[in-house]
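S.K.: Just passing along the structure, written as structure tokens.
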Amino acid sequence: MGLFLFILLALIAIIFSLGLIFFRNQVYNALCLIVTLSSLGGIFALLEAPFIAVVQIIIYAGAIMVLFIFVIMTINLKQGWPPEKRKWPVRLAVVIGFILFLELLWAILKFKGVVSPLPAQPGTPENLGELLFSTFIYPFEITSVLIVAALVGAVVLGKKRDQE
Amino acid sequence: MIPLNLVFILSLILFAIGLIAFFVKRDLITMFMAVELMLNAANLTFIGFAQAFASLEGQIIVFFVITVAAAEAAIGLAIVMLIFRQKKTIKTEDLNLMKG
């Protein structure tokens with residue numbers, strides 16, 4: 001059952017992420033990416049990470065993609081996208097992506113798998129929070145500084161400068 | 001129990017699609033979305049390893065990656081807005097100010 005769900009969600013994720021390449025409209029791209037991120041959230045839940053799954057859906061598929069869609073609608077390019085004229089970057093991209101794919105596939109097929117020495121620990125909010133506030137307290141606090149810096153930077157960048 | 005190799009292969013396919021989309025697309029916002037897709041593929045690998053090793057550190061790293069991605073999206077989209085306000089375009093071939 002778990003394997004069946006995994007394969008179903010994986011197929012949804014792959015098909016909708018292909019929409020990122022083939023659609024030319026940015027709103028369609030954003031909606032395809034939302035479906036992909038949501039199905040990845042389901043896969044995270046299958047892999048014993050329920051808290052990360054919820055965070056994925058709320059923050060990624062919710063907050064970040066809403067930000068993307070706001071910006072797309074603010075920019076509102078009236079003319080449609082012209083067809084791709086230059087062909088060689090597309091070919092080069094496909095070749096580079098395929099080479100990377102084969103390399104990593106070779107590495108995966110050589111991977112023997114691991115046997116975990118410990119009993120499995122589900123990533124519930126209690127377990128993660130305990131670890132986050134004991135071992136990883138320093139990176140956690142640094143992250144708060146990073147977010148404040150990012151917010152202030154976004155406000156400063158987005159401010160209109162013409163009244164100077 | 002999901003085999004770890006299947007998780008890796010899914011992550012690899014998503015990363016390759018993100019890379020190809022990054023190079024094929026020529027507007028800044030879709031290139032940004034391709035970067036987000038590649039970040040998610042890497043997150044999937046972390047979660048798979050966290051499950052295989054029965055340790056929670058992988059999930060903590062994914063938590064931090066999601067936080068940094070949120071900050072990066074805020075800054076990046078602000079820069080895209082700024083470029084659009086100055087140049088009235090977000091297509092990469094029109095942004096050739098430093099072209100020699």
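Residues in the structure tokens are numbered from 1 in each chain, the chains being A, B, ... in the order shown, and ligands are numbered from 1 in the order shown.
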What are the closest atom pairs, with distances in Å to one decimal, for each residue of chain A lying within 6 Å of chain B, using only C-alpha atoms, rows by chain and rising residue number, as JSON lines?
M.R.:
{"residue": "A:Leu3", "atom": "CA", "partner": "B:Ile2", "partner_atom": "CA", "distance": 5.8}
{"residue": "A:Ile21", "atom": "CA", "partner": "B:Ala21", "partner_atom": "CA", "distance": 5.1}
{"residue": "A:Val90", "atom": "CA", "partner": "B:Val24", "partner_atom": "CA", "distance": 5.1}
{"residue": "A:Ala93", "atom": "CA", "partner": "B:Ile20", "partner_atom": "CA", "distance": 5.4}
{"residue": "A:Val94", "atom": "CA", "partner": "B:Ile20", "partner_atom": "CA", "distance": 5.9}
{"residue": "A:Gly97", "atom": "CA", "partner": "B:Ala16", "partner_atom": "CA", "distance": 5.4}
{"residue": "A:Ser116", "atom": "CA", "partner": "B:Phe53", "partner_atom": "CA", "distance": 4.7}
{"residue": "A:Ala120", "atom": "CA", "partner": "B:Ala54", "partner_atom": "CA", "distance": 4.6}
{"residue": "A:Gln121", "atom": "CA", "partner": "B:Ala54", "partner_atom": "CA", "distance": 5.8}
{"residue": "A:Ile147", "atom": "CA", "partner": "B:Ala71", "partner_atom": "CA", "distance": 5.8}
{"residue": "A:Ala150", "atom": "CA", "partner": "B:Ala71", "partner_atom": "CA", "distance": 5.5}
{"residue": "A:Ala154", "atom": "CA", "partner": "B:Ile75", "partner_atom": "CA", "distance": 5.1}
{"residue": "A:Gly158", "atom": "CA", "partner": "B:Ala78", "partner_atom": "CA", "distance": 5.7}
S.K.: Could you pull out all residues of segment 2-129 of chain A with a DSSP call of alpha helix (DSSP H) and give them as a PDB file with C-alpha atoms, in the first residue's frame?
M.R.:
ATOM      1  CA  GLY A   2       2.767   2.420   0.948  1.00  0.00           C
ATOM      2  CA  LEU A   3       4.700   1.522  -2.178  1.00  0.00           C
ATOM      3  CA  PHE A   4       1.629   1.984  -4.365  1.00  0.00           C
ATOM      4  CA  LEU A   5       0.988   5.434  -2.889  1.00  0.00           C
ATOM      5  CA  PHE A   6       4.633   6.346  -3.323  1.00  0.00           C
ATOM      6  CA  ILE A   7       4.636   5.420  -7.000  1.00  0.00           C
ATOM      7  CA  LEU A   8       1.363   7.262  -7.589  1.00  0.00           C
ATOM      8  CA  LEU A   9       2.645  10.448  -5.934  1.00  0.00           C
ATOM      9  CA  ALA A  10       5.984  10.128  -7.723  1.00  0.00           C
ATOM     10  CA  LEU A  11       4.257   9.894 -11.109  1.00  0.00           C
ATOM     11  CA  ILE A  12       2.135  12.958 -10.299  1.00  0.00           C
ATOM     12  CA  ALA A  13       5.250  14.873  -9.238  1.00  0.00           C
ATOM     13  CA  ILE A  14       7.195  13.952 -12.381  1.00  0.00           C
ATOM     14  CA  ILE A  15       4.346  14.666 -14.812  1.00  0.00           C
ATOM     15  CA  PHE A  16       3.537  18.043 -13.306  1.00  0.00           C
ATOM     16  CA  SER A  17       7.174  19.073 -13.049  1.00  0.00           C
ATOM     17  CA  LEU A  18       7.448  18.392 -16.796  1.00  0.00           C
ATOM     18  CA  GLY A  19       4.801  21.098 -17.138  1.00  0.00           C
ATOM     19  CA  LEU A  20       7.456  23.512 -15.892  1.00  0.00           C
ATOM     20  CA  ILE A  21       9.369  22.873 -19.120  1.00  0.00           C
ATOM     21  CA  PHE A  22       6.535  22.604 -21.620  1.00  0.00           C
ATOM     22  CA  GLN A  26       4.041  31.512 -16.056  1.00  0.00           C
ATOM     23  CA  VAL A  27       0.803  31.030 -14.133  1.00  0.00           C
ATOM     24  CA  TYR A  28       0.528  27.491 -15.505  1.00  0.00           C
ATOM     25  CA  ASN A  29       4.137  26.909 -14.480  1.00  0.00           C
ATOM     26  CA  ALA A  30       3.387  28.075 -10.947  1.00  0.00           C
ATOM     27  CA  LEU A  31       0.282  25.886 -10.666  1.00  0.00           C
ATOM     28  CA  CYS A  32       2.201  22.834 -11.944  1.00  0.00           C
ATOM     29  CA  LEU A  33       4.909  23.517  -9.380  1.00  0.00           C
ATOM     30  CA  ILE A  34       2.294  23.730  -6.612  1.00  0.00           C
ATOM     31  CA  VAL A  35       0.963  20.267  -7.520  1.00  0.00           C
ATOM     32  CA  THR A  36       4.516  18.890  -7.612  1.00  0.00           C
ATOM     33  CA  LEU A  37       5.384  20.349  -4.212  1.00  0.00           C
ATOM     34  CA  SER A  38       2.169  19.060  -2.659  1.00  0.00           C
ATOM     35  CA  SER A  39       2.764  15.528  -3.888  1.00  0.00           C
ATOM     36  CA  LEU A  40       6.328  15.766  -2.563  1.00  0.00           C
ATOM     37  CA  GLY A  41       4.745  16.662   0.775  1.00  0.00           C
ATOM     38  CA  GLY A  42       2.765  13.426   0.576  1.00  0.00           C
ATOM     39  CA  ILE A  43       5.957  11.505  -0.149  1.00  0.00           C
ATOM     40  CA  PHE A  44       7.612  13.107   2.893  1.00  0.00           C
ATOM     41  CA  ALA A  45       4.699  11.884   5.004  1.00  0.00           C
ATOM     42  CA  LEU A  46       5.194   8.362   3.623  1.00  0.00           C
ATOM     43  CA  PRO A  50       5.005  14.090   9.100  1.00  0.00           C
ATOM     44  CA  PHE A  51       6.140  17.465  10.433  1.00  0.00           C
ATOM     45  CA  ILE A  52       8.272  18.187   7.375  1.00  0.00           C
ATOM     46  CA  ALA A  53       5.337  17.159   5.183  1.00  0.00           C
ATOM     47  CA  VAL A  54       3.069  19.718   6.833  1.00  0.00           C
ATOM     48  CA  VAL A  55       5.787  22.390   6.670  1.00  0.00           C
ATOM     49  CA  MET A  65       4.110  29.921  -4.261  1.00  0.00           C
ATOM     50  CA  VAL A  66       1.581  32.589  -3.269  1.00  0.00           C
ATOM     51  CA  LEU A  67       4.489  35.032  -3.334  1.00  0.00           C
ATOM     52  CA  PHE A  68       5.403  33.823  -6.840  1.00  0.00           C
ATOM     53  CA  ILE A  69       1.833  34.191  -8.074  1.00  0.00           C
ATOM     54  CA  PHE A  70       1.550  37.670  -6.570  1.00  0.00           C
ATOM     55  CA  VAL A  71       4.678  38.746  -8.419  1.00  0.00           C
ATOM     56  CA  ILE A  72       3.495  37.169 -11.691  1.00  0.00           C
ATOM     57  CA  MET A  73       0.192  39.004 -11.422  1.00  0.00           C
ATOM     58  CA  THR A  74       1.865  42.277 -10.445  1.00  0.00           C
ATOM     59  CA  ILE A  75       4.206  42.146 -13.416  1.00  0.00           C
ATOM     60  CA  TRP A  88      21.158  25.581 -29.367  1.00  0.00           C
ATOM     61  CA  PRO A  89      20.744  26.484 -25.658  1.00  0.00           C
ATOM     62  CA  VAL A  90      17.784  24.116 -25.496  1.00  0.00           C
ATOM     63  CA  ARG A  91      19.763  21.282 -27.038  1.00  0.00           C
ATOM     64  CA  LEU A  92      22.748  22.001 -24.797  1.00  0.00           C
ATOM     65  CA  ALA A  93      20.478  22.024 -21.738  1.00  0.00           C
ATOM     66  CA  VAL A  94      18.960  18.673 -22.652  1.00  0.00           C
ATOM     67  CA  VAL A  95      22.401  17.159 -23.255  1.00  0.00           C
ATOM     68  CA  ILE A  96      23.797  18.499 -19.964  1.00  0.00           C
ATOM     69  CA  GLY A  97      20.732  17.351 -18.036  1.00  0.00           C
ATOM     70  CA  PHE A  98      20.916  13.902 -19.606  1.00  0.00           C
ATOM     71  CA  ILE A  99      24.634  13.544 -18.797  1.00  0.00           C
ATOM     72  CA  LEU A 100      23.978  14.521 -15.173  1.00  0.00           C
ATOM     73  CA  PHE A 101      21.062  12.088 -15.079  1.00  0.00           C
ATOM     74  CA  LEU A 102      23.216   9.183 -16.317  1.00  0.00           C
ATOM     75  CA  GLU A 103      26.058   9.982 -13.912  1.00  0.00           C
ATOM     76  CA  LEU A 104      23.826  10.103 -10.872  1.00  0.00           C
ATOM     77  CA  LEU A 105      21.877   7.059 -12.017  1.00  0.00           C
ATOM     78  CA  TRP A 106      25.151   5.144 -12.192  1.00  0.00           C
ATOM     79  CA  ALA A 107      25.971   6.279  -8.661  1.00  0.00           C
ATOM     80  CA  ILE A 108      22.554   5.199  -7.414  1.00  0.00           C
ATOM     81  CA  LEU A 109      22.760   1.774  -9.026  1.00  0.00           C
ATOM     82  CA  PRO A 125       6.899  17.803  16.165  1.00  0.00           C
ATOM     83  CA  GLU A 126       7.931  16.660  19.658  1.00  0.00           C
ATOM     84  CA  ASN A 127      11.026  14.799  18.484  1.00  0.00           C
ATOM     85  CA  LEU A 128      12.053  17.494  16.023  1.00  0.00           C
ATOM     86  CA  GLY A 129      11.408  20.303  18.492  1.00  0.00           C
TER      87      GLY A 129
END
S.K.: To one decimal place, how far is atom CA of Pro122 of chain A from atom CA of Ala49 of chain A in Å?
M.R.: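 Between atom CA of Pro122 of chain A and atom CA of Ala49 of chain A the gap is 6.2 Å.
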S.K.: For a test of reading the model, state the distance in Å between atom CA of Ala42 of chain B and atom CA of Leu47 of chain A, rounded to one decimal.
M.R.: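 Rounded to one decimal, the two atoms are 14.6 Å apart.
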S.K.: Atom CA of Tyr60 of chain A and atom CA of Met1 of chain A are how many Å apart?
M.R.: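 These two atoms are separated by 26.6 Å.
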